[in-house]
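A.B. asks: Hey, dropping work_39.cif in here, mmCIF, C-alpha atoms:
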data_structure
loop_
_atom_site.label_atom_id
_atom_site.label_comp_id
_atom_site.auth_asym_id
_atom_site.auth_seq_id
_atom_site.Cartn_x
_atom_site.Cartn_y
_atom_site.Cartn_z
CA MET E 1 199.19 172.46 -35.25
CA ARG E 2 199.37 173.56 -31.62
CA LEU E 3 196.82 172.86 -28.88
CA THR E 4 196.03 175.24 -26.03
CA ILE E 5 193.63 174.93 -23.09
CA ASP E 6 191.73 177.82 -21.56
CA ARG E 7 192.08 176.72 -17.93
CA ASP E 8 189.36 179.07 -16.73
CA ARG E 9 186.86 177.36 -18.97
CA CYS E 10 187.95 173.73 -18.88
CA GLU E 11 185.64 171.66 -16.70
CA GLY E 12 187.48 168.40 -17.07
CA TYR E 13 184.59 166.89 -18.94
CA GLY E 14 186.95 164.61 -20.83
CA LEU E 15 185.20 164.36 -24.20
CA CYS E 16 188.42 165.63 -25.78
CA ALA E 17 190.52 162.97 -24.08
CA ASP E 18 188.08 160.31 -25.28
CA SER E 19 188.49 161.64 -28.81
CA ALA E 20 192.28 162.02 -28.81
CA PRO E 21 193.78 159.79 -26.10
CA GLU E 22 197.15 159.95 -27.83
CA LEU E 23 197.30 163.70 -27.24
CA MET E 24 195.74 164.30 -23.82
CA HIS E 25 194.39 162.65 -20.70
CA LEU E 26 192.58 163.44 -17.48
CA ASP E 27 194.83 163.11 -14.44
CA ASP E 28 193.85 161.45 -11.17
CA ASP E 29 192.09 164.63 -10.07
CA GLY E 30 190.14 164.72 -13.29
CA GLU E 31 192.08 167.70 -14.67
CA LEU E 32 192.99 167.76 -18.34
CA VAL E 33 196.68 167.30 -19.19
CA LEU E 34 198.02 167.92 -22.70
CA ASP E 35 200.66 165.32 -23.47
CA HIS E 36 201.47 166.87 -26.85
CA GLU E 37 200.89 170.57 -27.27
CA ASP E 38 202.54 170.35 -30.68
CA VAL E 39 200.36 167.89 -32.51
CA PRO E 40 202.17 165.28 -34.62
CA ALA E 41 200.81 165.40 -38.17
CA PRO E 42 199.14 161.96 -38.06
CA SER E 43 197.10 163.10 -35.05
CA SER E 44 195.82 166.35 -36.48
CA ALA E 45 192.36 164.95 -37.26
CA ALA E 46 192.08 163.61 -33.71
CA ALA E 47 193.09 167.03 -32.39
CA GLU E 48 190.37 168.69 -34.46
CA THR E 49 187.79 166.26 -33.12
CA ALA E 50 188.92 166.98 -29.57
CA VAL E 51 188.50 170.72 -30.13
CA ARG E 52 185.12 170.24 -31.76
CA VAL E 53 183.54 168.17 -28.99
CA CYS E 54 184.50 170.45 -26.10
CA PRO E 55 181.18 171.64 -24.62
CA VAL E 56 182.65 174.90 -23.36
CA ALA E 57 185.01 175.77 -26.25
CA ALA E 58 188.00 175.55 -23.91
CA LEU E 59 190.36 173.77 -26.28
CA ARG E 60 191.87 175.42 -29.33
CA ALA E 61 194.00 174.22 -32.21
CA ASP E 62 195.95 176.87 -34.12
CA MET A 63 181.39 146.87 -42.59
CA VAL A 64 178.73 148.90 -44.34
CA ARG A 65 179.78 150.20 -47.75
CA GLN A 66 176.56 151.80 -48.96
CA ARG A 67 176.45 155.53 -49.53
CA VAL A 68 175.70 157.40 -46.32
CA VAL A 69 173.89 160.73 -46.39
CA VAL A 70 173.86 162.89 -43.26
CA VAL A 71 171.31 165.72 -43.23
CA GLY A 72 172.18 168.51 -40.81
CA ALA A 73 175.65 169.99 -40.37
CA SER A 74 175.66 171.20 -36.78
CA ILE A 75 177.49 169.34 -34.03
CA ALA A 76 175.45 166.12 -34.35
CA GLY A 77 175.77 165.79 -38.13
CA VAL A 78 179.43 166.82 -38.21
CA THR A 79 180.22 164.35 -35.42
CA VAL A 80 178.47 161.51 -37.25
CA VAL A 81 180.63 162.18 -40.32
CA ASP A 82 183.83 162.50 -38.30
CA GLU A 83 183.09 159.38 -36.30
CA LEU A 84 182.27 157.31 -39.40
CA ARG A 85 185.60 158.17 -41.00
CA ARG A 86 187.57 157.72 -37.81
CA ARG A 87 186.05 154.29 -37.42
CA GLY A 88 187.24 153.40 -40.89
CA PHE A 89 184.18 153.89 -43.07
CA THR A 90 185.47 154.16 -46.64
CA GLY A 91 182.22 154.43 -48.58
CA GLU A 92 180.65 157.51 -50.13
CA LEU A 93 179.64 160.11 -47.56
CA THR A 94 177.57 163.26 -48.10
CA LEU A 95 176.82 165.98 -45.55
CA VAL A 96 173.91 168.33 -46.24
CA GLY A 97 173.55 171.54 -44.24
CA ASP A 98 171.39 174.61 -44.81
CA ASP A 99 173.22 176.95 -42.42
CA PRO A 100 175.67 179.15 -44.34
CA HIS A 101 177.87 179.36 -41.23
CA PRO A 102 180.22 176.52 -40.42
CA ALA A 103 179.12 174.62 -37.32
CA TYR A 104 179.73 176.46 -34.06
CA ASN A 105 179.41 175.89 -30.33
CA ARG A 106 175.76 176.77 -29.84
CA PRO A 107 175.73 176.89 -26.01
CA ALA A 108 178.25 179.75 -26.19
CA LEU A 109 175.79 181.98 -28.08
CA SER A 110 173.77 183.00 -25.03
CA LYS A 111 176.90 183.18 -22.87
CA GLY A 112 180.23 184.46 -24.18
CA PHE A 113 179.14 185.38 -27.69
CA LEU A 114 176.26 187.60 -26.57
CA SER A 115 178.33 189.23 -23.84
CA GLY A 116 181.17 189.89 -26.27
CA THR A 117 183.90 187.77 -24.66
CA ASP A 118 183.64 185.31 -27.55
CA THR A 119 183.67 185.96 -31.28
CA LEU A 120 182.21 183.81 -34.04
CA ALA A 121 185.77 182.76 -34.83
CA SER A 122 186.44 181.62 -31.27
CA ILE A 123 183.30 179.45 -31.14
CA THR A 124 183.45 178.08 -34.69
CA LEU A 125 184.23 174.37 -34.69
CA PRO A 126 187.19 173.06 -36.66
CA ALA A 127 186.19 172.16 -40.21
CA LEU A 128 186.04 168.50 -41.16
CA SER A 129 189.34 167.47 -42.69
CA CYS A 130 188.16 163.99 -43.69
CA GLU A 131 186.87 163.09 -47.13
CA VAL A 132 183.23 164.08 -47.35
CA ASP A 133 181.02 165.62 -50.02
CA GLN A 134 179.73 168.71 -48.22
CA ARG A 135 176.56 170.34 -49.54
CA ILE A 136 176.60 173.44 -47.38
CA GLY A 137 173.80 175.89 -48.09
CA ALA A 138 171.62 173.06 -49.41
CA THR A 139 168.23 172.53 -47.81
CA ALA A 140 166.57 169.13 -47.62
CA ILE A 141 162.88 169.52 -48.39
CA GLY A 142 161.71 165.95 -48.60
CA LEU A 143 162.47 162.30 -48.05
CA ASP A 144 161.37 159.52 -50.39
CA THR A 145 161.66 156.37 -48.32
CA ASP A 146 160.61 154.11 -51.21
CA ARG A 147 163.27 155.31 -53.63
CA ARG A 148 165.61 156.07 -50.75
CA GLU A 149 166.35 159.59 -51.83
CA VAL A 150 166.69 162.93 -50.06
CA LEU A 151 165.11 165.78 -52.03
CA LEU A 152 166.94 169.09 -52.01
CA ALA A 153 165.45 172.56 -52.52
CA ASP A 154 167.48 173.02 -55.70
CA GLY A 155 165.76 170.01 -57.24
CA ASP A 156 168.65 167.62 -56.74
CA ARG A 157 167.96 164.14 -55.38
CA LEU A 158 170.51 162.41 -53.19
CA PRO A 159 170.24 158.63 -53.21
CA PHE A 160 171.34 156.94 -50.00
CA GLY A 161 172.00 153.48 -48.68
CA ARG A 162 171.86 154.74 -45.11
CA LEU A 163 170.54 158.05 -43.87
CA VAL A 164 171.27 159.99 -40.69
CA ILE A 165 168.79 162.74 -39.81
CA ALA A 166 170.41 165.49 -37.75
CA THR A 167 168.42 168.56 -38.74
CA GLY A 168 168.22 169.86 -35.19
CA ALA A 169 165.53 172.17 -33.92
CA ARG A 170 164.21 175.69 -34.32
CA ALA A 171 163.09 178.17 -31.72
CA ARG A 172 159.50 177.72 -30.64
CA THR A 173 157.50 180.94 -30.60
CA MET A 174 154.57 182.12 -28.53
CA THR A 175 152.71 182.26 -31.85
CA ASP A 176 153.43 178.53 -32.31
CA LEU A 177 151.91 177.98 -28.89
CA GLY A 178 148.80 179.98 -29.76
CA ALA A 179 149.69 182.48 -27.05
CA ALA A 180 150.23 185.60 -29.13
CA ASP A 181 147.75 188.14 -30.48
CA PRO A 182 147.86 188.71 -34.23
CA GLY A 183 150.64 191.16 -35.00
CA ALA A 184 152.41 190.63 -31.67
CA GLU A 185 156.13 191.29 -31.92
CA GLU A 186 158.49 188.61 -30.67
CA SER A 187 162.12 187.70 -31.22
CA THR A 188 163.69 184.34 -30.63
CA PHE A 189 167.23 183.27 -29.86
CA ARG A 190 168.54 180.17 -31.51
CA ASP A 191 171.30 180.79 -34.01
CA VAL A 192 174.20 183.10 -34.65
CA ALA A 193 172.07 185.55 -36.62
CA ASP A 194 169.67 185.88 -33.66
CA ALA A 195 172.62 186.37 -31.33
CA ARG A 196 174.13 189.09 -33.51
CA ASP A 197 170.78 190.90 -33.77
CA LEU A 198 170.34 190.93 -30.02
CA ARG A 199 173.95 191.93 -29.38
CA ASP A 200 173.53 194.88 -31.74
CA ARG A 201 170.26 195.95 -30.15
CA LEU A 202 171.67 195.81 -26.62
CA VAL A 203 173.97 198.74 -27.45
CA ASP A 204 170.93 201.04 -27.06
CA ARG A 205 169.99 199.50 -23.69
CA PRO A 206 166.45 198.55 -24.69
CA ARG A 207 163.88 197.45 -22.13
CA VAL A 208 163.81 193.69 -22.58
CA VAL A 209 160.91 191.42 -21.72
CA ILE A 210 161.78 187.74 -21.81
CA VAL A 211 159.04 185.14 -21.94
CA GLY A 212 160.30 181.87 -20.51
CA ALA A 213 162.28 181.51 -17.28
CA GLY A 214 164.12 178.37 -18.32
CA ILE A 215 167.83 178.06 -18.81
CA LEU A 216 168.04 180.03 -22.06
CA GLY A 217 165.66 182.74 -20.88
CA MET A 218 167.59 183.27 -17.67
CA GLU A 219 170.98 183.30 -19.41
CA LEU A 220 169.66 185.95 -21.77
CA ALA A 221 168.26 187.91 -18.83
CA SER A 222 171.64 187.82 -17.14
CA THR A 223 173.55 189.03 -20.18
CA CYS A 224 170.97 191.71 -21.07
CA ALA A 225 171.01 193.03 -17.49
CA ALA A 226 174.81 193.08 -17.48
CA ALA A 227 174.67 195.14 -20.68
CA GLY A 228 172.61 197.77 -18.87
CA SER A 229 169.09 196.88 -20.00
CA ALA A 230 166.06 196.86 -17.73
CA VAL A 231 164.96 193.23 -17.87
CA THR A 232 161.73 191.48 -16.97
CA VAL A 233 161.26 187.70 -17.12
CA VAL A 234 157.77 186.22 -17.14
CA ASP A 235 156.63 182.61 -17.10
CA ARG A 236 154.12 180.23 -15.56
CA GLN A 237 156.40 179.52 -12.66
CA PRO A 238 159.52 180.87 -10.98
CA PRO A 239 162.84 180.61 -12.85
CA LEU A 240 164.15 177.11 -13.47
CA ARG A 241 161.70 175.64 -10.97
CA ALA A 242 160.43 173.02 -13.37
CA GLN A 243 163.91 171.94 -14.45
CA LEU A 244 165.98 172.26 -11.27
CA GLY A 245 163.56 172.17 -8.37
CA ARG A 246 162.93 174.72 -5.66
CA PHE A 247 166.35 174.86 -4.00
CA LEU A 248 168.31 175.87 -7.09
CA SER A 249 165.42 177.98 -8.36
CA ASP A 250 165.51 180.02 -5.15
CA LEU A 251 169.25 180.60 -5.55
CA VAL A 252 168.74 181.90 -9.07
CA VAL A 253 165.78 184.09 -8.06
CA GLU A 254 167.86 185.69 -5.31
CA ALA A 255 170.77 186.38 -7.66
CA ALA A 256 168.61 187.67 -10.51
CA THR A 257 166.72 189.98 -8.18
CA ALA A 258 170.00 191.31 -6.77
CA HIS A 259 171.02 192.10 -10.36
CA GLY A 260 167.91 194.23 -10.80
CA VAL A 261 165.87 191.81 -12.92
CA THR A 262 162.09 191.87 -12.46
CA LEU A 263 160.60 188.38 -12.22
CA ALA A 264 156.90 187.66 -12.50
CA HIS A 265 154.89 184.50 -12.94
CA HIS A 266 151.34 183.24 -13.04
CA PRO A 267 150.35 179.57 -13.29
CA ALA A 268 147.78 180.32 -15.98
CA GLY A 269 150.49 181.64 -18.26
CA VAL A 270 151.53 184.50 -20.46
CA ARG A 271 150.16 186.06 -23.65
CA LEU A 272 151.88 188.40 -26.10
CA ARG A 273 149.86 191.50 -26.89
CA GLY A 274 149.57 192.80 -30.41
CA SER A 275 148.85 196.48 -30.04
CA GLY A 276 151.10 199.34 -28.97
CA THR A 277 154.60 198.58 -27.72
CA PRO A 278 155.74 194.97 -27.64
CA ALA A 279 154.30 193.52 -24.46
CA ALA A 280 153.71 190.33 -22.53
CA GLU A 281 150.74 189.99 -20.25
CA LEU A 282 150.26 187.53 -17.41
CA ALA A 283 146.91 185.82 -16.93
CA ASP A 284 146.10 188.12 -14.00
CA GLY A 285 146.37 191.17 -16.26
CA ARG A 286 149.84 192.38 -15.28
CA ARG A 287 151.32 193.80 -18.46
CA PHE A 288 155.03 194.26 -19.16
CA ASP A 289 156.02 196.57 -21.99
CA GLY A 290 159.42 196.37 -23.59
CA ASP A 291 161.34 197.72 -26.51
CA LEU A 292 161.66 194.10 -27.43
CA VAL A 293 160.07 190.85 -26.34
CA ILE A 294 162.14 187.68 -26.58
CA SER A 295 160.40 184.33 -26.49
CA ALA A 296 162.58 181.65 -24.89
CA VAL A 297 159.97 178.92 -24.77
CA GLY A 298 161.90 175.93 -26.00
CA CYS A 299 162.57 174.53 -29.42
CA ARG A 300 160.72 172.33 -31.86
CA PRO A 301 162.31 169.63 -33.96
CA ASP A 302 163.02 170.43 -37.58
CA VAL A 303 160.91 167.63 -39.04
CA GLU A 304 158.69 169.48 -41.53
CA TRP A 305 160.81 168.16 -44.40
CA LEU A 306 159.93 164.62 -43.31
CA ALA A 307 156.19 165.16 -43.88
CA GLY A 308 154.73 162.19 -45.69
CA SER A 309 157.72 159.96 -44.89
CA GLY A 310 155.81 158.13 -42.17
CA LEU A 311 158.74 158.60 -39.80
CA VAL A 312 157.20 161.30 -37.59
CA THR A 313 154.86 160.30 -34.75
CA ASP A 314 152.86 163.08 -33.06
CA GLY A 315 155.48 165.59 -34.14
CA ASP A 316 158.36 163.49 -32.79
CA LEU A 317 161.09 161.73 -34.69
CA ARG A 318 161.46 158.77 -32.39
CA ILE A 319 164.67 156.80 -32.17
CA ASP A 320 165.54 153.67 -30.23
CA ASP A 321 168.52 153.33 -27.90
CA ARG A 322 170.79 152.70 -30.89
CA CYS A 323 169.50 155.85 -32.61
CA ARG A 324 167.50 153.94 -35.24
CA VAL A 325 164.32 155.39 -36.75
CA ALA A 326 163.59 152.75 -39.38
CA ALA A 327 165.54 150.28 -41.49
CA GLY A 328 168.72 152.06 -42.59
CA ILE A 329 167.54 155.41 -41.22
CA LEU A 330 169.00 156.88 -38.04
CA ALA A 331 168.74 160.19 -36.21
CA ALA A 332 170.79 162.12 -33.66
CA GLY A 333 170.78 165.43 -31.82
CA ASP A 334 168.09 167.99 -31.07
CA VAL A 335 165.74 166.58 -33.73
CA ALA A 336 165.51 163.14 -32.15
CA ALA A 337 163.26 161.90 -29.35
CA PHE A 338 165.06 159.31 -27.24
CA PRO A 339 163.24 156.60 -25.28
CA GLY A 340 163.19 156.93 -21.50
CA ASP A 341 161.16 156.17 -18.40
CA HIS A 342 158.54 158.72 -19.40
CA GLY A 343 158.30 157.88 -23.07
CA HIS A 344 160.23 159.45 -25.93
CA ARG A 345 161.66 162.87 -25.16
CA ARG A 346 164.04 165.15 -26.95
CA THR A 347 167.16 165.99 -24.97
CA PRO A 348 168.41 169.11 -26.77
CA TRP A 349 171.77 169.47 -25.04
CA TRP A 350 175.28 169.52 -26.39
CA THR A 351 176.54 166.34 -24.79
CA SER A 352 173.38 164.50 -25.70
CA ALA A 353 173.90 165.42 -29.36
CA LEU A 354 177.46 164.08 -29.20
CA ASP A 355 176.43 160.86 -27.48
CA GLN A 356 173.69 160.21 -30.01
CA ALA A 357 175.92 161.07 -32.98
CA ARG A 358 178.57 158.61 -31.85
CA THR A 359 175.97 155.96 -31.17
CA ALA A 360 174.40 156.49 -34.60
CA ALA A 361 177.79 156.12 -36.29
CA ALA A 362 178.52 152.93 -34.36
CA THR A 363 175.09 151.48 -35.12
CA LEU A 364 175.50 152.29 -38.77
CA LEU A 365 178.92 150.66 -39.09
CA ASP A 366 178.38 147.67 -36.86
CA ASP A 367 175.24 146.75 -38.72
CA ASP A 368 172.99 147.48 -35.74
CA ALA A 369 175.13 145.40 -33.36
CA GLY A 370 176.73 148.34 -31.54
CA ALA A 371 176.17 149.03 -27.88
CA PRO A 372 172.96 150.82 -26.90
CA LEU A 373 173.27 154.37 -25.61
CA VAL A 374 172.82 154.84 -21.89
CA PRO A 375 172.41 158.60 -21.52
CA SER A 376 174.33 160.41 -18.82
CA PRO A 377 172.68 163.82 -18.86
CA TYR A 378 174.90 166.82 -18.23
CA PHE A 379 174.33 170.51 -18.57
CA TRP A 380 175.76 173.74 -17.28
CA THR A 381 174.70 177.33 -17.08
CA GLU A 382 176.24 180.64 -16.09
CA GLN A 383 174.00 183.48 -14.99
CA PHE A 384 173.99 186.31 -12.45
CA GLY A 385 177.34 185.21 -11.04
CA ILE A 386 176.16 181.64 -10.52
CA THR A 387 177.98 178.86 -12.29
CA LEU A 388 175.99 175.68 -12.17
CA ARG A 389 176.91 172.18 -13.38
CA VAL A 390 174.44 169.34 -13.19
CA CYS A 391 174.91 165.63 -13.89
CA GLY A 392 172.07 163.16 -13.82
CA PRO A 393 168.36 163.10 -14.50
CA LEU A 394 166.17 166.20 -14.31
CA PRO A 395 163.92 167.54 -12.97
CA VAL A 396 164.95 167.03 -9.36
CA ARG A 397 162.47 167.10 -6.52
CA GLY A 398 162.78 167.88 -2.85
CA ARG A 399 165.67 169.19 -0.82
CA PRO A 400 169.18 168.27 -1.85
CA THR A 401 171.80 166.71 0.37
CA VAL A 402 174.87 168.92 0.86
CA VAL A 403 177.88 166.79 0.03
CA ALA A 404 180.38 169.58 0.60
CA GLY A 405 180.71 173.33 0.89
CA SER A 406 178.43 176.21 1.79
CA PRO A 407 176.60 178.87 -0.20
CA ALA A 408 179.56 181.21 0.39
CA GLU A 409 182.33 178.87 -0.73
CA GLY A 410 180.40 176.89 -3.33
CA LEU A 411 178.22 173.83 -2.95
CA LEU A 412 178.17 170.21 -4.00
CA LEU A 413 174.64 168.84 -3.87
CA THR A 414 172.91 165.55 -4.61
CA TRP A 415 169.30 164.50 -4.98
CA PRO A 416 168.96 160.71 -4.66
CA ASP A 417 166.65 159.31 -7.33
CA GLY A 418 165.13 156.75 -4.97
CA ARG A 419 166.86 153.87 -6.71
CA ASP A 420 170.64 153.52 -6.87
CA GLY A 421 171.54 156.84 -8.44
CA ALA A 422 171.33 160.55 -7.90
CA THR A 423 171.42 163.89 -9.63
CA ALA A 424 174.49 165.88 -8.61
CA ALA A 425 175.09 169.62 -8.90
CA ALA A 426 178.05 171.91 -8.33
CA VAL A 427 177.13 175.50 -7.56
CA ASN A 428 179.99 178.01 -7.86
CA ARG A 429 182.40 175.20 -7.14
CA ARG A 430 185.02 173.92 -9.51
CA ILE A 431 184.97 170.15 -9.77
CA PRO A 432 186.06 167.97 -12.67
CA ILE A 433 182.99 166.53 -14.31
CA SER A 434 184.23 162.98 -13.80
CA ARG A 435 184.09 163.56 -10.06
CA LEU A 436 180.71 165.25 -10.23
CA ARG A 437 179.46 162.32 -12.26
CA ALA A 438 180.81 159.88 -9.67
CA LEU A 439 178.42 161.46 -7.16
CA THR A 440 175.49 160.37 -9.32
CA ARG A 441 176.44 156.77 -8.65
CA ALA A 442 177.43 157.08 -5.01
CA THR A 443 175.23 155.80 -2.25
CA PRO A 444 175.90 158.00 0.76
CA SER A 445 176.99 156.02 3.80
CA ASP A 446 176.35 158.86 6.26
CA PRO A 447 172.89 160.02 7.15
CA PRO A 448 172.10 162.79 4.69
CA MET A 449 172.30 166.37 5.90
CA GLU A 450 169.48 168.44 4.50
CA ALA A 451 170.32 171.68 2.80
CA ARG A 452 168.80 174.60 4.64
CA ARG A 453 168.75 178.15 3.52
#
Can I see the file as structure tokens?
C.D. replies:
Amino acid sequence: MRLTIDRDRCEGYGLCADSAPELMHLDDDGELVLDHEDVPAPSSAAAETAVRVCPVAALRAD
Amino acid sequence: MVRQRVVVVGASIAGVTVVDELRRRGFTGELTLVGDDPHPAYNRPALSKGFLSGTDTLASITLPALSCEVDQRIGATAIGLDTDRREVLLADGDRLPFGRLVIATGARARTMTDLGAADPGAEESTFRDVADARDLRDRLVDRPRVVIVGAGILGMELASTCAAAGSAVTVVDRQPPLRAQLGRFLSDLVVEAATAHGVTLAHHPAGVRLRGSGTPAAELADGRRFDGDLVISAVGCRPDVEWLAGSGLVTDGDLRIDDRCRVAAGILAAGDVAAFPGDHGHRRTPWWTSALDQARTAAATLLDDDAGAPLVPSPYFWTEQFGITLRVCGPLPVRGRPTVVAGSPAEGLLLTWPDGRDGATAAAVNRRIPISRLRALTRATPSDPPMEARR
């Protein structure tokens, strides 16, 4: 599974980072940073949650 | 930890999040999710934005399926609740016994007919789900004249997209666009932009009525009549609580929850269906982030045997229309003139409206700002004398 962010859409809301802190975080400016674009298998459920909660459908898992 | 069977009714974002959260928090008991929508859950706010305009597809807004262990009854409709036997009744005659129940059945579009403001036979469409969005998208190909009743957030987003698709659009309501929700300053910005995009706006404080003869039409109380090829009612939503009739859980049409999302012993609710307690009594807060907050709170309450932390809402919503991108954190409606924290109308604005206590509502207009920083403005107490926004 691979995560991608649509930067034009992402608002830095941070619901995704709350859901999958092992995969992503908000930096000091509040911008989302993906720490693991390739999702380790044990974190795939967390990645799906992160994608699901995004208010603006900016995060995708393929 | 609770081990009783949990049944979640409603499989949109609130219900799906309750299930996901229960499993992620280690719930190992039986778990059933009941949903009557044949489509998998999708990002509903995108319907009136990217999906209607064509930049999004159903695939791009469909939420990832649950990969946890859950008995999913998709396409099943709950038609009743027996609180004595603790069973959910399904339309196919099945009965689902539960130890704990989470009600997340959401809401449906309210119509002018519901409000008693439509003549018999009046034609009206509504916009709530993916089927509605597809219907409207298909109809826009022929550039119909569109009359929208309701100048709230949904109505104005629809107006924007319909106008961009080449339709002649009229929006009618009791008051100017978004005035009730966002106050005069932001309302004026939207009016200016909508007018520049060719949209006709009309309002009358005594309201609107749908007419039943001839072409579909909406008429203001002063007699001004607006004919369209279609009339769309965007006049809010009503909670889907009919199936709870006779359960004793519904008060004056509201399914009231407390700040831990409890309705009654072992029964919780989350999302658009639920009325949350606040300063002005119980009110539904039918927004995406509110549904998520309540779903997570309901899951925590359920697992921690009612000892979880209460939910302190931090309202957030956004809209895109007529070239204006607006993000708002904090309580609504706002009143009075905002303070300009940064920017100008040309380069984008950061605004706050102090709430008179120790907080504020903060808005970003055409200005990119991470939500965490926008939210921080809702807690800030300005040290400088406020500068009033003037336009």
A.B. asks: Given the file above and the PyMOL selection byres ((chain E) within 9 of (chain A)), which residues are selected, and can you give them as a count of residues only?
C.D. replies: 23
A.B. asks: Output the residue selection produced by the PyMOL selection byres ((chain A and resi 196-200) around 10) on the file above, formatted as a list in words.
C.D. replies: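 In the shown coordinates, the PyMOL selection byres ((chain A and resi 196-200) around 10) covers Leu109, Ser110, Phe113, Leu114, Ser115, Gly116, Leu120, Ser187, Thr188, Phe189, Asp191, Val192, Ala193, Asp194, Ala195, Arg201, Leu202, Val203, Asp204, Arg205, Leu220, Thr223, Cys224, Ala227, Leu292 and Ile294 of chain A.
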A.B. asks: Considering only C-alpha atoms, can you say which of E:Met1, E:Pro42, E:Ala50, E:Leu34 comes closest to Cys16 of chain E?
C.D. replies: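 Of E:Met1, E:Pro42, E:Ala50, E:Leu34, the one nearest Cys16 of chain E is E:Ala50, counting only C-alpha atoms.
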A.B. asks: Report as a PyMOL selection string the full result of the PyMOL selection byres ((chain A and resi 391) around 6) when it is applied to this structure.
C.D. replies: chain A and resi 377-378+390+392+423-424+437
A.B. asks: Please list as a ChimeraX atom specification every residue within 12 Å of Glu37 of chain E, counting only C-alpha atoms and excluding residues in the same chain fewer than 3 positions away.
C.D. replies: /E:1-5,22-24,33-34,40,43-44,47,59-62
A.B. asks: Atom CA of Arg358 of chain A to atom CA of Val80 of chain A: how many Å, to one decimal?
C.D. replies: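 So the two atoms, atom CA of Arg358 of chain A and atom CA of Val80 of chain A, lie 6.1 Å apart.
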A.B. asks: Any idea what the distance is between atom CA of Asp99 of chain A and atom CA of Ile136 of chain A?
C.D. replies: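 Atom CA of Ile136 of chain A lies at a distance of 7.0 Å from atom CA of Asp99 of chain A.
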A.B. asks: Using only C-alpha atoms, which protein or nucleic acid residues come within 10 Å of segment 415-418 of chain A? Drop anything in the same chain fewer than 5 positions from it, and give the result as a list in words.
C.D. replies: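 Returned residues: Gly392, Pro393, Leu394, Val396, Arg397, Gly398, Arg399, Pro400, Thr401, Val402, Thr423, Ala424, Ala425, Leu439, Thr440, Arg441, Ala442, Thr443 and Pro444 of chain A.
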A.B. asks: Using only C-alpha atoms, can you tell me which of A:Ala360, A:Ala153, A:Leu95, A:Cys299 comes closest to Asp334 of chain A?
C.D. replies: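 Once distances to Asp334 of chain A are computed over only C-alpha atoms, the minimum belongs to A:Cys299.
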A.B. asks: Quick one: distance from atom CA of Leu388 of chain A to atom CA of Ala255 of chain A in Å, one decimal?
C.D. replies: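 Separation of atom CA of Leu388 of chain A and atom CA of Ala255 of chain A: 12.7 Å.
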A.B. asks: If we count only C-alpha atoms and set the cut-off at 9 Å, which residues sit around Ser295 of chain A, ignoring sequence neighbours fewer than 3 positions away in its own chain? Please answer as an MDAnalysis selection string.
C.D. replies: chainID A and resid 171:174 186:189 209:212 217 298
A.B. asks: Which is closest to Asp368 of chain A among A:Gly328, A:Gly137, A:Gly274, A:Pro102, if we use all atoms listed in the file?
C.D. replies: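 Using all atoms listed in the file, the shortest distance to Asp368 of chain A belongs to A:Gly328.
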A.B. asks: What lies within 12 Å of Leu158 of chain A using all atoms listed in the file, ignoring chain neighbours under 4 positions off, as a PyMOL selection string?
C.D. replies: chain A and resi 67-71+92-96+133+135+138-145+147-154+162-163
A.B. asks: Could the centre and edge lengths of an axis-aligned box, enclosing all atoms of segment 17-32 of chain E in the file with 8 Å extra on each side, be given in Å to one decimal as JSON?
C.D. replies:
{"center_x": 192.7, "center_y": 163.8, "center_z": -19.4, "size_x": 25.2, "size_y": 24.0, "size_z": 34.7}
A.B. asks: Using all atoms listed in the file for the distances, tell me which of A:Asp235, A:Asp302, A:Asp250, A:Asp316 is nearest to Gly72 of chain A.
C.D. replies: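 Closest to Gly72 of chain A of all the choices is A:Asp302.
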A.B. asks: Could segment 41-46 of chain E be completed with N, CA, C and O atoms and written as a short mmCIF file (atom, residue, chain, number, x, y, z; two decimals), in the frame of the given file, please?
C.D. replies:
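Ended up saving to selection.cif:
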data_model
loop_
_atom_site.label_atom_id
_atom_site.label_comp_id
_atom_site.auth_asym_id
_atom_site.auth_seq_id
_atom_site.Cartn_x
_atom_site.Cartn_y
_atom_site.Cartn_z
N ALA E 41 201.68 165.33 -37.00
CA ALA E 41 200.81 165.40 -38.17
C ALA E 41 199.77 164.27 -38.23
O ALA E 41 198.60 164.53 -38.54
N PRO E 42 200.15 163.03 -37.94
CA PRO E 42 199.14 161.96 -38.06
C PRO E 42 197.97 162.12 -37.08
O PRO E 42 196.93 161.49 -37.26
N SER E 43 198.16 162.94 -36.05
CA SER E 43 197.10 163.10 -35.05
C SER E 43 196.29 164.37 -35.23
O SER E 43 195.46 164.71 -34.38
N SER E 44 196.49 165.06 -36.35
CA SER E 44 195.82 166.35 -36.48
C SER E 44 194.29 166.20 -36.55
O SER E 44 193.56 167.02 -36.00
N ALA E 45 193.82 165.14 -37.19
CA ALA E 45 192.36 164.95 -37.26
C ALA E 45 191.80 164.68 -35.87
O ALA E 45 190.74 165.19 -35.50
N ALA E 46 192.53 163.89 -35.08
CA ALA E 46 192.08 163.61 -33.71
C ALA E 46 192.05 164.90 -32.89
O ALA E 46 191.14 165.13 -32.09
#
